[in-house]
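As stored in upload.txt (compact mmCIF, N, CA and C atoms):
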# COMPACT_ATOMS: atom_id res chain seq x y z
N TRP A 1 92.99 104.20 80.21
CA TRP A 1 94.26 103.94 80.86
C TRP A 1 95.38 103.95 79.83
N GLU A 2 95.19 103.27 78.72
CA GLU A 2 96.25 103.18 77.71
C GLU A 2 96.54 104.52 77.05
N LYS A 3 95.53 105.36 76.92
CA LYS A 3 95.71 106.63 76.22
C LYS A 3 95.96 107.80 77.15
N GLY A 4 95.83 107.58 78.46
CA GLY A 4 96.01 108.67 79.41
C GLY A 4 97.48 109.01 79.61
N ASN A 5 97.73 110.24 80.02
CA ASN A 5 99.12 110.62 80.30
C ASN A 5 99.48 110.18 81.73
N ILE A 6 100.71 110.38 82.11
CA ILE A 6 101.22 109.87 83.39
C ILE A 6 100.50 110.49 84.58
N SER A 7 100.14 111.77 84.50
CA SER A 7 99.45 112.39 85.64
C SER A 7 98.04 111.81 85.81
N GLU A 8 97.37 111.49 84.71
CA GLU A 8 96.05 110.85 84.80
C GLU A 8 96.16 109.45 85.37
N ARG A 9 97.18 108.71 84.99
CA ARG A 9 97.39 107.36 85.52
C ARG A 9 97.67 107.41 87.02
N ARG A 10 98.47 108.35 87.45
CA ARG A 10 98.76 108.49 88.89
C ARG A 10 97.50 108.85 89.66
N SER A 11 96.66 109.70 89.07
CA SER A 11 95.40 110.07 89.73
C SER A 11 94.50 108.85 89.93
N VAL A 12 94.42 108.02 88.91
CA VAL A 12 93.61 106.80 89.03
C VAL A 12 94.16 105.89 90.12
N LEU A 13 95.46 105.71 90.17
CA LEU A 13 96.07 104.86 91.19
C LEU A 13 95.80 105.39 92.59
N LYS A 14 95.84 106.71 92.75
CA LYS A 14 95.57 107.32 94.06
C LYS A 14 94.12 107.15 94.46
N LEU A 15 93.21 107.16 93.50
CA LEU A 15 91.79 106.96 93.80
C LEU A 15 91.47 105.52 94.18
N VAL A 16 92.18 104.57 93.60
CA VAL A 16 91.88 103.15 93.82
C VAL A 16 92.62 102.59 95.03
N PHE A 17 93.90 102.90 95.16
CA PHE A 17 94.72 102.29 96.20
C PHE A 17 94.96 103.25 97.35
N ALA A 18 94.84 102.74 98.59
CA ALA A 18 94.99 103.55 99.79
C ALA A 18 96.44 103.94 100.06
N GLU A 19 97.37 103.14 99.58
CA GLU A 19 98.80 103.44 99.78
C GLU A 19 99.57 102.92 98.58
N ARG A 20 100.84 103.26 98.53
CA ARG A 20 101.67 102.82 97.41
C ARG A 20 101.75 101.31 97.37
N MET A 21 101.80 100.77 96.17
CA MET A 21 101.90 99.32 96.02
C MET A 21 103.30 98.87 96.41
N GLN A 22 103.37 97.76 97.13
CA GLN A 22 104.65 97.22 97.57
C GLN A 22 105.07 96.10 96.63
N TYR A 23 106.36 96.06 96.33
CA TYR A 23 106.89 95.06 95.42
C TYR A 23 107.97 94.25 96.13
N ASP A 24 107.87 92.94 96.05
CA ASP A 24 108.86 92.04 96.63
C ASP A 24 109.65 91.42 95.48
N LEU A 25 110.97 91.40 95.58
CA LEU A 25 111.79 90.89 94.48
C LEU A 25 111.50 89.42 94.18
N ASN A 26 111.15 88.64 95.20
CA ASN A 26 110.90 87.22 94.99
C ASN A 26 109.46 86.92 94.60
N ASP A 27 108.51 87.64 95.16
CA ASP A 27 107.10 87.31 94.98
C ASP A 27 106.35 88.28 94.06
N GLY A 28 106.93 89.39 93.70
CA GLY A 28 106.24 90.38 92.86
C GLY A 28 105.44 91.35 93.71
N PHE A 29 104.36 91.87 93.15
CA PHE A 29 103.55 92.85 93.88
C PHE A 29 102.79 92.20 95.02
N ARG A 30 102.72 92.90 96.13
CA ARG A 30 101.98 92.45 97.30
C ARG A 30 100.52 92.86 97.16
N THR A 31 99.64 92.29 97.97
CA THR A 31 98.24 92.67 97.94
C THR A 31 98.10 94.11 98.42
N ALA A 32 97.46 94.92 97.62
CA ALA A 32 97.34 96.34 97.92
C ALA A 32 96.08 96.63 98.72
N LYS A 33 96.13 97.66 99.54
CA LYS A 33 94.95 98.11 100.27
C LYS A 33 94.18 99.06 99.36
N ILE A 34 92.88 98.83 99.25
CA ILE A 34 92.06 99.66 98.39
C ILE A 34 91.35 100.74 99.19
N THR A 35 90.86 101.76 98.51
CA THR A 35 90.18 102.86 99.18
C THR A 35 88.75 102.48 99.55
N CYS A 36 88.16 103.26 100.40
CA CYS A 36 86.83 103.00 100.95
C CYS A 36 85.74 102.77 99.90
N PRO A 37 85.64 103.59 98.86
CA PRO A 37 84.57 103.35 97.88
C PRO A 37 84.65 101.95 97.24
N PHE A 38 85.84 101.46 97.02
CA PHE A 38 85.98 100.15 96.40
C PHE A 38 85.71 99.03 97.41
N LYS A 39 85.96 99.28 98.68
CA LYS A 39 85.60 98.32 99.71
C LYS A 39 84.08 98.19 99.79
N VAL A 40 83.38 99.32 99.71
CA VAL A 40 81.92 99.29 99.74
C VAL A 40 81.38 98.54 98.52
N LEU A 41 81.94 98.80 97.36
CA LEU A 41 81.51 98.09 96.16
C LEU A 41 81.74 96.59 96.28
N ALA A 42 82.85 96.20 96.87
CA ALA A 42 83.12 94.78 97.08
C ALA A 42 82.10 94.16 98.02
N ASP A 43 81.72 94.89 99.07
CA ASP A 43 80.72 94.39 100.01
C ASP A 43 79.35 94.26 99.35
N LEU A 44 79.04 95.15 98.42
CA LEU A 44 77.75 95.12 97.74
C LEU A 44 77.66 94.04 96.67
N SER A 45 78.80 93.48 96.28
CA SER A 45 78.81 92.49 95.21
C SER A 45 78.09 91.21 95.61
N GLY A 46 77.97 90.96 96.92
CA GLY A 46 77.24 89.79 97.38
C GLY A 46 78.06 88.52 97.48
N HIS A 47 79.30 88.56 97.10
CA HIS A 47 80.14 87.37 97.20
C HIS A 47 80.83 87.34 98.56
N PRO A 48 80.66 86.25 99.32
CA PRO A 48 81.35 86.16 100.62
C PRO A 48 82.86 86.06 100.41
N LYS A 49 83.59 86.85 101.15
CA LYS A 49 85.04 86.87 101.01
C LYS A 49 85.66 85.71 101.78
N GLY A 50 86.66 85.09 101.18
CA GLY A 50 87.45 84.09 101.87
C GLY A 50 86.76 82.75 102.06
N LEU A 51 85.58 82.58 101.48
CA LEU A 51 84.88 81.32 101.64
C LEU A 51 84.97 80.50 100.36
N VAL A 52 85.24 79.23 100.52
CA VAL A 52 85.32 78.33 99.38
C VAL A 52 83.93 77.77 99.13
N GLY A 53 83.60 77.55 97.88
CA GLY A 53 82.30 76.99 97.53
C GLY A 53 82.06 75.61 98.10
N ARG A 54 80.83 75.12 97.94
CA ARG A 54 80.46 73.82 98.52
C ARG A 54 81.38 72.71 98.09
N ALA A 55 81.77 72.68 96.83
CA ALA A 55 82.63 71.61 96.33
C ALA A 55 84.06 71.76 96.84
N GLY A 56 84.44 72.95 97.28
CA GLY A 56 85.79 73.17 97.76
C GLY A 56 86.78 73.31 96.63
N LEU A 57 88.03 73.20 96.96
CA LEU A 57 89.08 73.36 95.95
C LEU A 57 89.40 72.05 95.25
N GLU A 58 89.11 70.93 95.88
CA GLU A 58 89.37 69.63 95.30
C GLU A 58 88.06 69.07 94.75
N PRO A 59 88.15 68.13 93.81
CA PRO A 59 86.91 67.54 93.30
C PRO A 59 86.16 66.83 94.42
N ALA A 60 84.85 66.87 94.33
CA ALA A 60 84.02 66.19 95.34
C ALA A 60 84.24 64.68 95.27
N PRO A 61 84.24 63.99 96.43
CA PRO A 61 84.45 62.54 96.41
C PRO A 61 83.25 61.84 95.77
N ALA A 62 83.54 60.72 95.10
CA ALA A 62 82.48 59.94 94.46
C ALA A 62 81.64 59.25 95.53
N LEU A 63 80.33 59.33 95.36
CA LEU A 63 79.43 58.68 96.30
C LEU A 63 79.23 57.22 95.88
N LEU A 64 79.27 56.33 96.84
CA LEU A 64 79.10 54.90 96.51
C LEU A 64 77.68 54.46 96.60
Would you write out, as structure tokens, the structure that this file holds?
Amino acid sequence: WEKGNISERRSVLKLVFAERMQYDLNDGFRTAKITCPFKVLADLSGHPKGLVGRAGLEPAPALL
């Protein structure tokens, strides 16, 4: 990526992202839609999407 020219970088972006990345002045880049091959790879990773682990986001309460 660092050594590639601009046309190679654009090719990589087109392969990874399904559409142009959107930028919001207040929030920065929006979540991009990825292409089908990367969706399949994400599904094969075995990690459930959107689920928080057993402990959750906050520390587990102390048991008495």
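Relative to atom N of Lys3 in chain A, CA of Lys39 in chain A is found at 25.8 Å.
The interatomic distance for the pair CA of Lys33 in chain A and CA of Lys14 in chain A works out to 11.1 Å.
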Worksheet entry | d(CA of Met21 in chain A, CA of Glu8 in chain A) in Å | 17.1 Å
Item to complete: May I have the residues within 12 Å of Trp1 in chain A as a PyMOL selection string, using only C-alpha atoms and disregarding those fewer than 2 positions away in the same chain?
Response: chain A and resi 3-13
Please rebuild range 29-45 of chain A with N, CA, C and O atoms and return the result as a short mmCIF file (atom, residue, chain, number, x, y, z; two decimals), in the coordinates of the input.
data_model
loop_
_atom_site.label_atom_id
_atom_site.label_comp_id
_atom_site.auth_asym_id
_atom_site.auth_seq_id
_atom_site.Cartn_x
_atom_site.Cartn_y
_atom_site.Cartn_z
N PHE A 29 104.36 91.87 93.15
CA PHE A 29 103.55 92.85 93.88
C PHE A 29 102.79 92.20 95.02
O PHE A 29 102.29 91.09 94.89
N ARG A 30 102.72 92.90 96.13
CA ARG A 30 101.98 92.45 97.30
C ARG A 30 100.52 92.86 97.16
O ARG A 30 100.18 93.70 96.34
N THR A 31 99.64 92.29 97.97
CA THR A 31 98.24 92.67 97.94
C THR A 31 98.10 94.11 98.42
O THR A 31 98.56 94.45 99.50
N ALA A 32 97.46 94.92 97.62
CA ALA A 32 97.34 96.34 97.92
C ALA A 32 96.08 96.63 98.72
O ALA A 32 95.08 95.92 98.59
N LYS A 33 96.13 97.66 99.54
CA LYS A 33 94.95 98.11 100.27
C LYS A 33 94.18 99.06 99.36
O LYS A 33 94.76 99.97 98.78
N ILE A 34 92.88 98.83 99.25
CA ILE A 34 92.06 99.66 98.39
C ILE A 34 91.35 100.74 99.19
O ILE A 34 91.22 100.63 100.41
N THR A 35 90.86 101.76 98.51
CA THR A 35 90.18 102.86 99.18
C THR A 35 88.75 102.48 99.55
O THR A 35 88.21 101.49 99.06
N CYS A 36 88.16 103.26 100.40
CA CYS A 36 86.83 103.00 100.95
C CYS A 36 85.74 102.77 99.90
O CYS A 36 84.96 101.83 100.02
N PRO A 37 85.64 103.59 98.86
CA PRO A 37 84.57 103.35 97.88
C PRO A 37 84.65 101.95 97.24
O PRO A 37 83.63 101.32 97.00
N PHE A 38 85.84 101.46 97.02
CA PHE A 38 85.98 100.15 96.40
C PHE A 38 85.71 99.03 97.41
O PHE A 38 85.26 97.96 97.04
N LYS A 39 85.96 99.28 98.68
CA LYS A 39 85.60 98.32 99.71
C LYS A 39 84.08 98.19 99.79
O LYS A 39 83.55 97.09 99.91
N VAL A 40 83.38 99.32 99.71
CA VAL A 40 81.92 99.29 99.74
C VAL A 40 81.38 98.54 98.52
O VAL A 40 80.47 97.72 98.64
N LEU A 41 81.94 98.80 97.36
CA LEU A 41 81.51 98.09 96.16
C LEU A 41 81.74 96.59 96.28
O LEU A 41 80.92 95.79 95.83
N ALA A 42 82.85 96.20 96.87
CA ALA A 42 83.12 94.78 97.08
C ALA A 42 82.10 94.16 98.02
O ALA A 42 81.64 93.03 97.81
N ASP A 43 81.72 94.89 99.07
CA ASP A 43 80.72 94.39 100.01
C ASP A 43 79.35 94.26 99.35
O ASP A 43 78.58 93.36 99.67
N LEU A 44 79.04 95.15 98.42
CA LEU A 44 77.75 95.12 97.74
C LEU A 44 77.66 94.04 96.67
O LEU A 44 76.58 93.73 96.19
N SER A 45 78.80 93.48 96.28
CA SER A 45 78.81 92.49 95.21
C SER A 45 78.09 91.21 95.61
O SER A 45 77.67 90.44 94.76
#
